[in-house]
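Engineer: To start, I am sharing the structure in question, which I have written as structure tokens.
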4 protein chains.
Amino acid sequence: MKHLNLLILASLAIVFSLNAQEKKYPQRAPMTPEMSEYWQPQPPVITPGKAHETAVPAPSDAIVLFDGENLSQWENSKGNAAEWTVHDGVFTVKRGTGDIQTKQKFNDFQLHIEWRSPQEVRGESQGRGNSGVFLQGVYEIQILDNYQNETYVNGQAGSVYKQTPPLANAMRKPGEWNTYDIIYTAPTFKKDGTYRTPPRVTLLQNGILLQNNTIILGTTPYIGFPEVIEHGEGPIRLQDHGDAVSFRNIWIREL
Amino acid sequence: MKHLNLLILASLAIVFSLNAQEKKYPQRAPMTPEMSEYWQPQPPVITPGKAHETAVPAPSDAIVLFDGENLSQWENSKGNAAEWTVHDGVFTVKRGTGDIQTKQKFNDFQLHIEWRSPQEVRGESQGRGNSGVFLQGVYEIQILDNYQNETYVNGQAGSVYKQTPPLANAMRKPGEWNTYDIIYTAPTFKKDGTYRTPPRVTLLQNGILLQNNTIILGTTPYIGFPEVIEHGEGPIRLQDHGDAVSFRNIWIREL
Amino acid sequence: MKHLNLLILASLAIVFSLNAQEKKYPQRAPMTPEMSEYWQPQPPVITPGKAHETAVPAPSDAIVLFDGENLSQWENSKGNAAEWTVHDGVFTVKRGTGDIQTKQKFNDFQLHIEWRSPQEVRGESQGRGNSGVFLQGVYEIQILDNYQNETYVNGQAGSVYKQTPPLANAMRKPGEWNTYDIIYTAPTFKKDGTYRTPPRVTLLQNGILLQNNTIILGTTPYIGFPEVIEHGEGPIRLQDHGDAVSFRNIWIREL
Amino acid sequence: MKHLNLLILASLAIVFSLNAQEKKYPQRAPMTPEMSEYWQPQPPVITPGKAHETAVPAPSDAIVLFDGENLSQWENSKGNAAEWTVHDGVFTVKRGTGDIQTKQKFNDFQLHIEWRSPQEVRGESQGRGNSGVFLQGVYEIQILDNYQNETYVNGQAGSVYKQTPPLANAMRKPGEWNTYDIIYTAPTFKKDGTYRTPPRVTLLQNGILLQNNTIILGTTPYIGFPEVIEHGEGPIRLQDHGDAVSFRNIWIREL
């Protein structure tokens with residue numbers, strides 16, 4: 001039996017290597033992160049209306065993803081309990097525990113999320129209050145402390161990360177709450193795995209329009225070009241980028 | 001000479017009248033209002049989050065169109081002073097004085113407007129808390145007291161009037177304030193006066209998505225089909241439909 | 001048995017009448033055909049390049065829907081054999097036998113079709129060389145002998161019938177062959193049966209652009225407004241409008 | 001007085017140099033061509049219907065850009081006479097003389113162009129029958145001898161160069177004529193020089209759909225990412241890539 005198995009494995013290996021040969025196309029040359037970053041024109045800086053002191057409550061048909069109590073609707077990327085810190089009705093990134101994501105998956109949706117970067121400012125550019133919201137677990141809307149902190153424009157708060165800069169810089173000060181209202185239309189795919197219709201996103205930060213039905217071109221990698229990968233429904237994922245960004249009052253409406 | 005000129009004029013007149021005859025095409029048959037009204041499916045009724053007790057303040061780059069003091073930025077359709085009633089930091093339709101519109105004209109914009117239908121309920125369907133916001137003075141987004149008050153769906157609050165129903169009924173109760181956040185993309189025109197790119201609108205009422213980059217097909221008449229008419233920049237126009245609808249805290253950002 | 005049946009019918013009648021009560025919304029008022037017809041502006045008349053004397057052959061990946069021999073790939077609306085007349089490598093509408101449609105159903109596609117109106121001209125406006133191609137069996141692209149024959153513009157050859165006029169009148173003379181090249185993107189639907197993404201069509205007649213990724217608003221009825229009805233894949237349907245329109249060389253590529 | 005002026009100038013100089021410093025943003029890191037090339041999935045190879053032996057004639061409203069006689073409607077990039085070779089009713093790239101472009105400029109259009117790569121095959125990948133059509137002088141639709149000649153897919157014949165691969169490989173053999181039918185919608189721009197509406201293109205090669213209202217993301221450089229640059233009307237430009245590609249029967253219809 002053992003010999004037979006080895007034989008089968010050997011023949012499989014040949015098949016695989018033939019397949020591999022058949023498709024031995026050149027690979028894209030490796031890139032560095034800076035290649036997909038650009039700094040101009042910088043969006044206008046706009047002071048939003050006075051911060052809401054209380055959170056914006058959910059409408060009756062919304063799924064409340066965080067109500068101030070616990071992370072029971074969230075998990076880490078391995079499917080285990082989310083380890084971020086819940087305190088005072090908010091939760092905060094726990095550095096080194098990794099991203100967390102909703103257990104539930106979504107298609108088209110309207111998402112409301114409130115976030116706050118640490119009041120004490122450390123670092124600059126991308127190294128300050130950095131996190132992100134991944135739509136369907138794939139496409140990152142950047143979260144960053146951009147208050148009097150310039151960075152590459154396609155990496156600003158409210159950018160489709162490394163793709164499309166926001167129409168404005170609408171940041172509140174460090175330590176103050178920001179709102180994101182996100183309207184997301186999921187992609188559909190052709191049989192060959194490319195987009196039949198691309199994903200689209202509209203985004204308001206603190207009530208100010210940052211993205212207006214923007215087409216999302218593909219994934220939002222730190223290095224290189226967007227790529228189109230086939231996927232179905234997906235979770236809302238929040239990024240552990242090592243900074244103590246806090247969140248509260250997250251709700252979603254399926255469209 | 002004079003006679004000759006007259007002769008030329010006379011022959012021109014004939015040519016013109018022939019041209020006029022040549023273009024005497026049939027007219028669309030007259031319609032009744034009910035022909036462009038439909039009632040199903042009724043959008044889901046959603047209770048928005050708790051009403052804001054105070055108005056949503058304008059961001060720093062917005063043009064404040066009403067600050068609670070006076071209607072100095074508005075005029076009636078004849079270009080005279082707007083006659084609606086200002087009181088207690090709000091203004092109210094003054095029945096019979098006609099629509100009012102901003103003196104300033106706009107192209108693409110983000111508009112925030114707060115409106116309230118009378119607390120005392122009278123009438124039903126379209127006869128209750130009826131007004132409207134005309135984008136560029138041409139395209140009506142319906143204002144109506146739709147709280148527990150059914151009407152034809154393409155005439156509901158938040159509809160592109162007689163065209164596209166809202167995705168939801170997100171009304172607060174009569175006497176409570178509603179917010180409209182409107183993102184508008186103006187049309188462009190071809191040489192023959194038809195749309196090169198049609199107007200588009202996204203609308204949130206009380207933070208709930210009602211229109212998602214909806215294409216506007218043309219004008220929004222009470223009777224008949226939408227028509228495409230060529231126009232340039234235009235004002236924000238508010239409708240006097242005879243009901244005492246009130247407004248406050250109106251601001252606009254040019255995009 | 002008979003009594004039992006009557007009882008069942010009676011109880012069904014009650015159920016139906018309860019449902020009817022529950023949903024007793026007003027109906028759209030009845031309309032006449034002329035209400036959805038308009039005549040201006042008339043598209044420019046363009047003489048296409050010299051007629052191809054031979055048909056445009058199918059590419060290698062196309063499904064040939066008519067190869068000049070028989071109607072084996074077509075059926076009538078009852079699912080029986082298509083009764084139109086095959087002769088000389090073409091087929092012709094057989095008045096009174098009804099529409100015919102492909103047995104196969106399609107989603108997105110590129111369709112090539114060649115058609116010819118009778119050489120002997122009879123009638124005028126819509127009464128001359130009238131037929132149509134229904135995309136997915138639902139949305140009609142008008143076929144009409146529009147050569148020196150004016151009609152309402154949203155009923156011209158190449159119109160999305162009763163919706164969108166063609167960009168040009170590109171007719172060959174009666175008795176000459178016309179080509180339609182149609183690129184069609186099928187709609188997707190939301191749970192409530194309305195469009196998530198609307199159908200779209202690009203059309204070239206005799207190589208001249210008539211529709212450029214035009215949004216189809218709904219069905220294309222003779223009377224009244226377009227309606228949005230949920231559907232899946234559908235056939236190519238050709239209309240028996242009583243005129244002896246002929247077809248040849250039909251092929252389709254699934255996209 | 002003179003001294004005072006000098007003082008003012010000196011202080012202005014400081015201000016300017018501060019401004020210059022203020023805007024000294026990081027540049028994108030240099031890239032290599034291979035970074036923006038990808039090879040999979042390869043589009044399906046489709047044999048088009050039998051080649052037309054004669055050119056497709058222009059419709060009556062078209063501007064004929066080459067009628068077989070001379071290059072009187074074309075110029076080189078310096079505004080001097082186009083130096084490519086006219087012979088036998090066609091013209092051919094004259095290596096080393098540079099690109100040529102139409103004297104007339106266009107906005108939206110439908111363009112018909114016929115092209116042929118040399119019958120004698122030399123080189124491979126991009127080194128074989130390479131040229132290009134630049135829409136409004138800015139956006140390249142690739143021309144390449146892709147017959148049994150693989151290359152990176154976003155550099156194939158019919159690609160939006162270095163952006164979007166064609167839906168199919170619809171090449172005729174070397175030495176045979178190919179047709180491109182291109183429907184182009186020009187971009188509009190916002191005040192900050194970014195797209196208000198992006199350019200779009202539909203393309204058929206030999207009657208087969210390669211691009212379906214594809215959004216053009218920006219310029220089509222050999223190295224690096226697409227960039228958005230503001231421009232108005234522009235010419236049709238043909239590329240001298242060193243290969244003896246021939247052209248005939250070019251006409252354009254303004255839309």
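Going by the structure tokens order, chains are called A, B, ..., each with residues numbered from 1, while ligands are numbered from 1 in the order shown.
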Write out as JSON lines the residues of chain C that have any atom within 9 Å of an atom of chain B, one row each with the nearest atom pair and its distance in Å to one decimal, counting only C-alpha atoms, sorted by chain and then rising number.
Structural biologist:
{"residue": "C:Lys23", "atom": "CA", "partner": "B:Gln40", "partner_atom": "CA", "distance": 8.9}
{"residue": "C:Tyr25", "atom": "CA", "partner": "B:Trp39", "partner_atom": "CA", "distance": 6.2}
{"residue": "C:Pro26", "atom": "CA", "partner": "B:Trp39", "partner_atom": "CA", "distance": 6.8}
{"residue": "C:Gln27", "atom": "CA", "partner": "B:Tyr38", "partner_atom": "CA", "distance": 6.8}
{"residue": "C:Arg28", "atom": "CA", "partner": "B:Met35", "partner_atom": "CA", "distance": 5.1}
{"residue": "C:Ala29", "atom": "CA", "partner": "B:Met35", "partner_atom": "CA", "distance": 4.7}
{"residue": "C:Pro30", "atom": "CA", "partner": "B:Met35", "partner_atom": "CA", "distance": 6.8}
{"residue": "C:Met31", "atom": "CA", "partner": "B:Met35", "partner_atom": "CA", "distance": 6.8}
{"residue": "C:Thr32", "atom": "CA", "partner": "B:Ala29", "partner_atom": "CA", "distance": 7.8}
{"residue": "C:Pro33", "atom": "CA", "partner": "B:Ala29", "partner_atom": "CA", "distance": 8.5}
{"residue": "C:Glu34", "atom": "CA", "partner": "B:Ala29", "partner_atom": "CA", "distance": 5.5}
{"residue": "C:Met35", "atom": "CA", "partner": "B:Ala29", "partner_atom": "CA", "distance": 4.7}
{"residue": "C:Ser36", "atom": "CA", "partner": "B:Arg28", "partner_atom": "CA", "distance": 6.9}
{"residue": "C:Glu37", "atom": "CA", "partner": "B:Arg28", "partner_atom": "CA", "distance": 6.0}
{"residue": "C:Tyr38", "atom": "CA", "partner": "B:Arg28", "partner_atom": "CA", "distance": 5.9}
{"residue": "C:Trp39", "atom": "CA", "partner": "B:Tyr25", "partner_atom": "CA", "distance": 6.2}
{"residue": "C:Gln40", "atom": "CA", "partner": "B:Tyr25", "partner_atom": "CA", "distance": 7.8}
{"residue": "C:Pro41", "atom": "CA", "partner": "B:Asp192", "partner_atom": "CA", "distance": 7.8}
{"residue": "C:Tyr152", "atom": "CA", "partner": "B:Pro26", "partner_atom": "CA", "distance": 8.4}
{"residue": "C:Asp192", "atom": "CA", "partner": "B:Pro41", "partner_atom": "CA", "distance": 7.9}
{"residue": "C:Gly224", "atom": "CA", "partner": "B:Met35", "partner_atom": "CA", "distance": 8.1}
{"residue": "C:Phe225", "atom": "CA", "partner": "B:Ser36", "partner_atom": "CA", "distance": 7.8}
Engineer: Write out as number ranges by chain which residues come within 7 Å of stretch 172-184 of chain D when counting only C-alpha atoms, dropping same-chain ones fewer than 4 positions away.
Structural biologist: D: 108-119, 145, 147, 200-206
Engineer: Using the selection just defined, write its residues with C-alpha atoms as a PDB file, in the first residue's frame.
Structural biologist:
ATOM      1  CA  ASP D 108     -16.776  62.346 -28.139  1.00  0.00           C
ATOM      2  CA  PHE D 109     -16.572  60.215 -31.259  1.00  0.00           C
ATOM      3  CA  GLN D 110     -17.037  56.944 -33.109  1.00  0.00           C
ATOM      4  CA  LEU D 111     -13.826  56.030 -34.927  1.00  0.00           C
ATOM      5  CA  HIS D 112     -13.323  53.378 -37.587  1.00  0.00           C
ATOM      6  CA  ILE D 113      -9.765  52.379 -38.404  1.00  0.00           C
ATOM      7  CA  GLU D 114      -8.247  49.474 -40.325  1.00  0.00           C
ATOM      8  CA  TRP D 115      -4.726  48.269 -39.649  1.00  0.00           C
ATOM      9  CA  ARG D 116      -2.395  45.479 -40.703  1.00  0.00           C
ATOM     10  CA  SER D 117       0.796  44.141 -39.214  1.00  0.00           C
ATOM     11  CA  PRO D 118       3.611  43.039 -41.546  1.00  0.00           C
ATOM     12  CA  GLN D 119       3.097  39.659 -43.215  1.00  0.00           C
ATOM     13  CA  ASP D 145       0.417  41.582 -33.851  1.00  0.00           C
ATOM     14  CA  TYR D 147      -1.630  36.359 -33.627  1.00  0.00           C
ATOM     15  CA  ARG D 200     -14.868  55.645 -21.415  1.00  0.00           C
ATOM     16  CA  VAL D 201     -14.298  53.401 -24.382  1.00  0.00           C
ATOM     17  CA  THR D 202     -16.094  50.633 -26.234  1.00  0.00           C
ATOM     18  CA  LEU D 203     -14.051  48.700 -28.785  1.00  0.00           C
ATOM     19  CA  LEU D 204     -14.801  46.035 -31.369  1.00  0.00           C
ATOM     20  CA  GLN D 205     -11.997  44.351 -33.279  1.00  0.00           C
ATOM     21  CA  ASN D 206     -13.136  42.601 -36.436  1.00  0.00           C
TER      22      ASN D 206
END
Engineer: With all C-alpha atoms matched in order and chain B superposed on chain A by least squares, what's the RMSD to one decimal?
Structural biologist: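 Here the C-alpha RMSD works out to 1.9 Å.
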Engineer: Determine, counting only C-alpha atoms, which protein, DNA and RNA residues have an atom within 10 Å of an atom of stretch 235-239 of chain C; residues of the same chain fewer than 3 positions away are not included. Present the result as a ChimeraX atom specification.
Structural biologist: /C:65,74-77,93,98-107,111,130-143,242-243,245,247,252
Engineer: Just the number, please: distance in Å from atom CA of D:Gln163 to atom CA of D:Ile208, one decimal.
Structural biologist: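 Separation of atom CA of D:Gln163 and atom CA of D:Ile208: 19.6 Å.
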Engineer: Would you list the contacts of D:Thr85 as a list of chain:residue names, taking every protein, DNA or RNA residue within 10 Å and counting only C-alpha atoms, but skipping same-chain residues closer than 3 positions in sequence?
Structural biologist: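 The contact residues come out as D:Asn70, D:Leu71, D:Ala82, D:Val90, D:Phe91, D:Thr92, D:Val93, D:Lys94, D:Arg95, D:Ala244, D:Ser246.
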Engineer: If you run DSSP on this backbone, which residues of stretch 79-140 of chain B come out as strand (DSSP E), and could you give them as a PyMOL selection string?
Structural biologist: chain B and resi 85-87+90-92+100-102+109-116+131-135+139-140
